[in-house]
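In what follows, a single structure is set out as structure tokens and then discussed.
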2 protein chains.
Amino acid sequence: MSNLTILRTYALTNPSKLPPSVLFSHSPTSLTVYDAFPKSIFHFLILPRVQPPLVASDLSDLRKLLNGDKERAKEVIAALSEDAKTLRKEIEEEMLSRYGFKWGIWTGFHGAPSMDHLHLHVLSDDLCSDRMKNKKHYNSFHPKLGFFLDVDEVLSWFDAEPSYYSAMAKLDTKHYEAMLKTDLVCYRCNANMKNIPSLKAHLQEEWDVETRREKAKMERRREMEEKDSTKVTE
Amino acid sequence: MSNLTILRTYALTNPSKLPPSVLFSHSPTSLTVYDAFPKSIFHFLILPRVQPPLVASDLSDLRKLLNGDKERAKEVIAALSEDAKTLRKEIEEEMLSRYGFKWGIWTGFHGAPSMDHLHLHVLSDDLCSDRMKNKKHYNSFHPKLGFFLDVDEVLSWFDAEPSYYSAMAKLDTKHYEAMLKTDLVCYRCNANMKNIPSLKAHLQEEWDVETRREKAKMERRREMEEKDSTKVTE
DNA sequence: TATTCCGATAGTGAC
DNA sequence: GTCACTATCGGAATGAG
């Protein structure tokens with residue numbers, strides 16, 4: 001199976017046949033798989049299952065879906081969004097149990113995906129991962145650049161002017177691809193980064209800062225609680 | 001000492017002070033040094049010594065020299081050319097003693113050198129060397145490309161129309177640098193080479209062919225001589 | 001924008 | 001066009017049977 005069509009294969013497979021190393025969970029309308037090359041500590045893909053009257057080619061990518069039956073498209077994306085909400089809750093539980101605190105989670109599509117079959121990215125906002133290796137990787141998740149399309153924003157297109165919907169649904173590949181070549185800018189502090197190694201060091205530092213801040217919060221909370229319990233027992 | 005001015009330092013140093021790993025030989029007007037990064041089996045540089053009335057800056061590069069006193073320039077280059085003749089004889093002796101046969105030797109300047117102090121390249125035409133690493137290296141010695149200026153051709157400029165001399169003496173850096181970016185073409189068979197690894201393999205093969213041809217010649221000669229000597233002793 | 005491999009290309013720093 | 005180092009950029013193959 002080619003790398004480029006693996007997601008379609010997953011989406012067409014009975015979930016019970018998928019190994020646990022691939023499949024995280026599933027619903028009647030979607031499968032949630034681990035991203036094979038996670039770009040953050042947590043990184044999943046939610047794939048719509050192929051169900052009548054849709055066929056696999058209707059779901060090849062976001063542009064195809066949006067330029068088909070509009071109501072059907074809205075249903076598909078709304079269902080993915082619902083499953084993403086559930087997934088985010090599960091990720092947050094895992095954040096708490098593994099790290100003691102929660103942090104941001106992004107949910108969105110890529111404006112110009114290269115793998116076949118629609119996939120909704122759900123990933124934590126640390127962007128700390130060995131698999132983050134080049135500018136395209138980073139820019140494709142930068143939340144302010146335009147390439148990463150938040151699922152709620154995409155859903156809002158359905159309720160906007162039809163002309164706006166049509167304009168957004170074009171999803172011109174050249175236009176989106178150009179975004180990936182722009183300079184590296186930290187999505188947190190807007191600092192310009194010279195290259196990938198310095199960006200990664202910076203992202204790690206930003207993440208370390210967030211970790212320390214959260215640990216300190218936890219410590220203060222613990223002290224407060226201790227003081228309170230002391231008062232009670234006095 | 002900077003890499004970029006090392007040759008000037010050599011040219012200003014008493015030859016007896018230069019280590020034998022650097023200096024091959026010297027004459028009243030020049031020093032011959034081993035190229036520190038040889039691009040062929042044999043690769044030397046002949047450097048003009050700085051002698052009154054010239055100062056080091058007059059000899060910084062070919063363009064500077066040609067655009068100064070024309071007669072003086074001709075003397076300097078003619079002297080380098082004479083020393084190159086001697087050097088080629090010595091290289092050919094070494095070819096015979098080490099390889100049993102002689103092969104081509106090129107003698108010329110680079111149209112746009114980056115190291116300070118005029119240097120005449122004298123190198124065998126095999127172009128087989130680990131130090132040949134990129135397109136600039138190769139194109140800078142390609143005998144038909146224009147970047148490598150045979151010393152006899154440069155000498156011919158002095159006897160041409162003054163307007164031709166002036167035109168040639170300009171040695172526009174941009175013009176010459178552009179030549180280095182052109183496609184890789186085998187100087188022997190004009191075959192286009194896709195990249196450096198394939199060019200190097202091809203040059204090695206061309207050299208192996210030449211070696212086999214010369215070995216066969218030597219063998220035939222030996223057989224002839226044996227037959228002759230047999231005749232004599234019969 | 002799937003990765004990985006190979007190679008070309010570009011900028012820097014050397015002293 | 002000095003080298004060596006680092007990093008980016010650019011194309012091609014990729015699997016399965």
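Every chain in the structure tokens has a letter given in the order shown (A, B, ...), and although residue numbers restart at 1 in each chain, ligands are simply numbered from 1 in the order shown.
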request  = Per DSSP on the backbone, filter range 43-222 of chain A down to the residues in alpha helix (DSSP H) and report them as a PyMOL selection string.
outcome  = chain A and resi 62-66+70-99+135-139+151-158+162-170+173-180+196-222
Discussion item. Using only C-alpha atoms (C1' of nucleotides), I'd like every residue of chain A that has an atom within 9 Å of chain D; please write them out as a ChimeraX atom specification.
Written reply: /A:1-3,134,195-197
Restricting the output to C-alpha atoms, write the selected residues as a PDB file, in the first residue's frame.
```
ATOM      1  CA  MET A   1       0.000   0.000   0.000  1.00  0.00           C
ATOM      2  CA  SER A   2       1.344   3.366  -0.986  1.00  0.00           C
ATOM      3  CA  ASN A   3       1.987   5.999   1.662  1.00  0.00           C
ATOM      4  CA  ASN A 134      11.327  21.082   7.918  1.00  0.00           C
ATOM      5  CA  ASN A 195      16.303  28.028  10.576  1.00  0.00           C
ATOM      6  CA  ILE A 196      14.708  24.800  11.745  1.00  0.00           C
ATOM      7  CA  PRO A 197      17.236  23.915  14.458  1.00  0.00           C
TER       8      PRO A 197
END
```
* Can you list, as a list in words, every residue of range 32-214 of chain B that DSSP puts in strand (DSSP E or B)? -> Thr32, Val33, Tyr34, His43, Phe44, Leu45, Ile46, Leu47, Pro48, Ile105, Trp106, Thr107, Gly108, Phe109, His110, Leu120, His121, Val122, Leu123, Ser124, Phe148, Leu149, Asp150, Leu184, Val185, Asn192 and Met193 of chain B
With only C-alpha atoms (C1' of nucleotides) as the counted atoms, please give the residues lying no more than 8 Å from DT1 in chain C, apart from itself and same-chain residues fewer than 3 positions off, as a PyMOL selection string.
chain A and resi 110-115+136+140+177
All residues 9 Å or closer to Ser166 in chain B, only C-alpha atoms (C1' of nucleotides), same chain fewer than 4 positions away omitted, as a list in words: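 Here the answer would be Leu66, Asn67, Trp157, Glu161, Pro162 and Lys170 of chain B.
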Any chance you could export the current selection's N, CA and C atoms as a tab-separated table (two decimals), in the first residue's frame?
```
chain	number	residue	atom	x	y	z
B	66	LEU	N	47.26	42.45	-15.90
B	66	LEU	CA	47.07	42.81	-17.31
B	66	LEU	C	46.68	44.27	-17.48
B	67	ASN	N	46.06	44.85	-16.48
B	67	ASN	CA	45.63	46.24	-16.57
B	67	ASN	C	46.67	47.21	-16.01
B	157	TRP	N	47.54	37.25	-26.36
B	157	TRP	CA	46.82	38.52	-26.27
B	157	TRP	C	47.78	39.72	-26.42
B	161	GLU	N	45.71	42.80	-31.56
B	161	GLU	CA	45.31	44.21	-31.60
B	161	GLU	C	45.16	44.74	-30.18
B	162	PRO	N	45.57	45.95	-29.92
B	162	PRO	CA	45.40	46.53	-28.57
B	162	PRO	C	43.96	46.49	-28.08
B	170	LYS	N	39.88	42.71	-19.50
B	170	LYS	CA	38.79	43.11	-18.59
B	170	LYS	C	38.50	42.02	-17.58
```
Within 12 Å of chain A, which residues of chain C are there when counting only C-alpha atoms (C1' of nucleotides)? Please give them as JSON, numbers by chain. {"C": [1, 2, 3, 4, 11]}
Please write the residues from the selection above to a file, keeping N, CA and C atoms (P, O5', C5', C4', C3', O3' and C1' of nucleotides), as a CSV table (one decimal), in the first residue's frame.
```
chain,number,residue,atom,x,y,z
C,1,DT,P,2.6,19.4,7.2
C,1,DT,O5',3.0,18.7,5.9
C,1,DT,C5',2.8,19.6,5.0
C,1,DT,C4',1.7,19.2,4.1
C,1,DT,C3',1.7,17.8,3.5
C,1,DT,O3',0.6,17.1,4.1
C,1,DT,C1',1.3,19.5,1.8
C,2,DA,P,0.4,15.6,3.8
C,2,DA,O5',1.5,15.1,4.9
C,2,DA,C5',2.7,14.7,4.4
C,2,DA,C4',2.9,13.2,4.9
C,2,DA,C3',4.3,12.9,4.9
C,2,DA,O3',4.8,13.0,6.2
C,2,DA,C1',3.1,11.4,3.4
C,3,DT,P,6.2,13.6,6.6
C,3,DT,O5',7.1,12.3,6.2
C,3,DT,C5',6.7,11.1,6.8
C,3,DT,C4',7.7,10.0,6.3
C,3,DT,C3',9.1,10.3,6.5
C,3,DT,O3',9.7,9.1,7.0
C,3,DT,C1',8.7,9.9,4.2
C,4,DT,P,11.2,9.2,7.7
C,4,DT,O5',12.1,8.8,6.4
C,4,DT,C5',11.8,7.6,5.6
C,4,DT,C4',12.7,7.6,4.5
C,4,DT,C3',14.1,8.1,4.7
C,4,DT,O3',15.0,7.1,4.3
C,4,DT,C1',13.2,9.0,2.7
C,11,DG,P,22.9,33.0,-0.6
C,11,DG,O5',23.4,32.9,0.9
C,11,DG,C5',22.6,32.5,2.0
C,11,DG,C4',23.3,32.3,3.3
C,11,DG,C3',24.4,33.4,3.5
C,11,DG,O3',24.3,33.9,4.8
C,11,DG,C1',25.4,31.2,3.5
```
As a ChimeraX atom specification, please: the residues near range 51-60 of chain A (cut-off 7 Å, only C-alpha atoms (C1' of nucleotides), same-chain neighbours under 2 positions excluded). /A:49,64-65,116-118
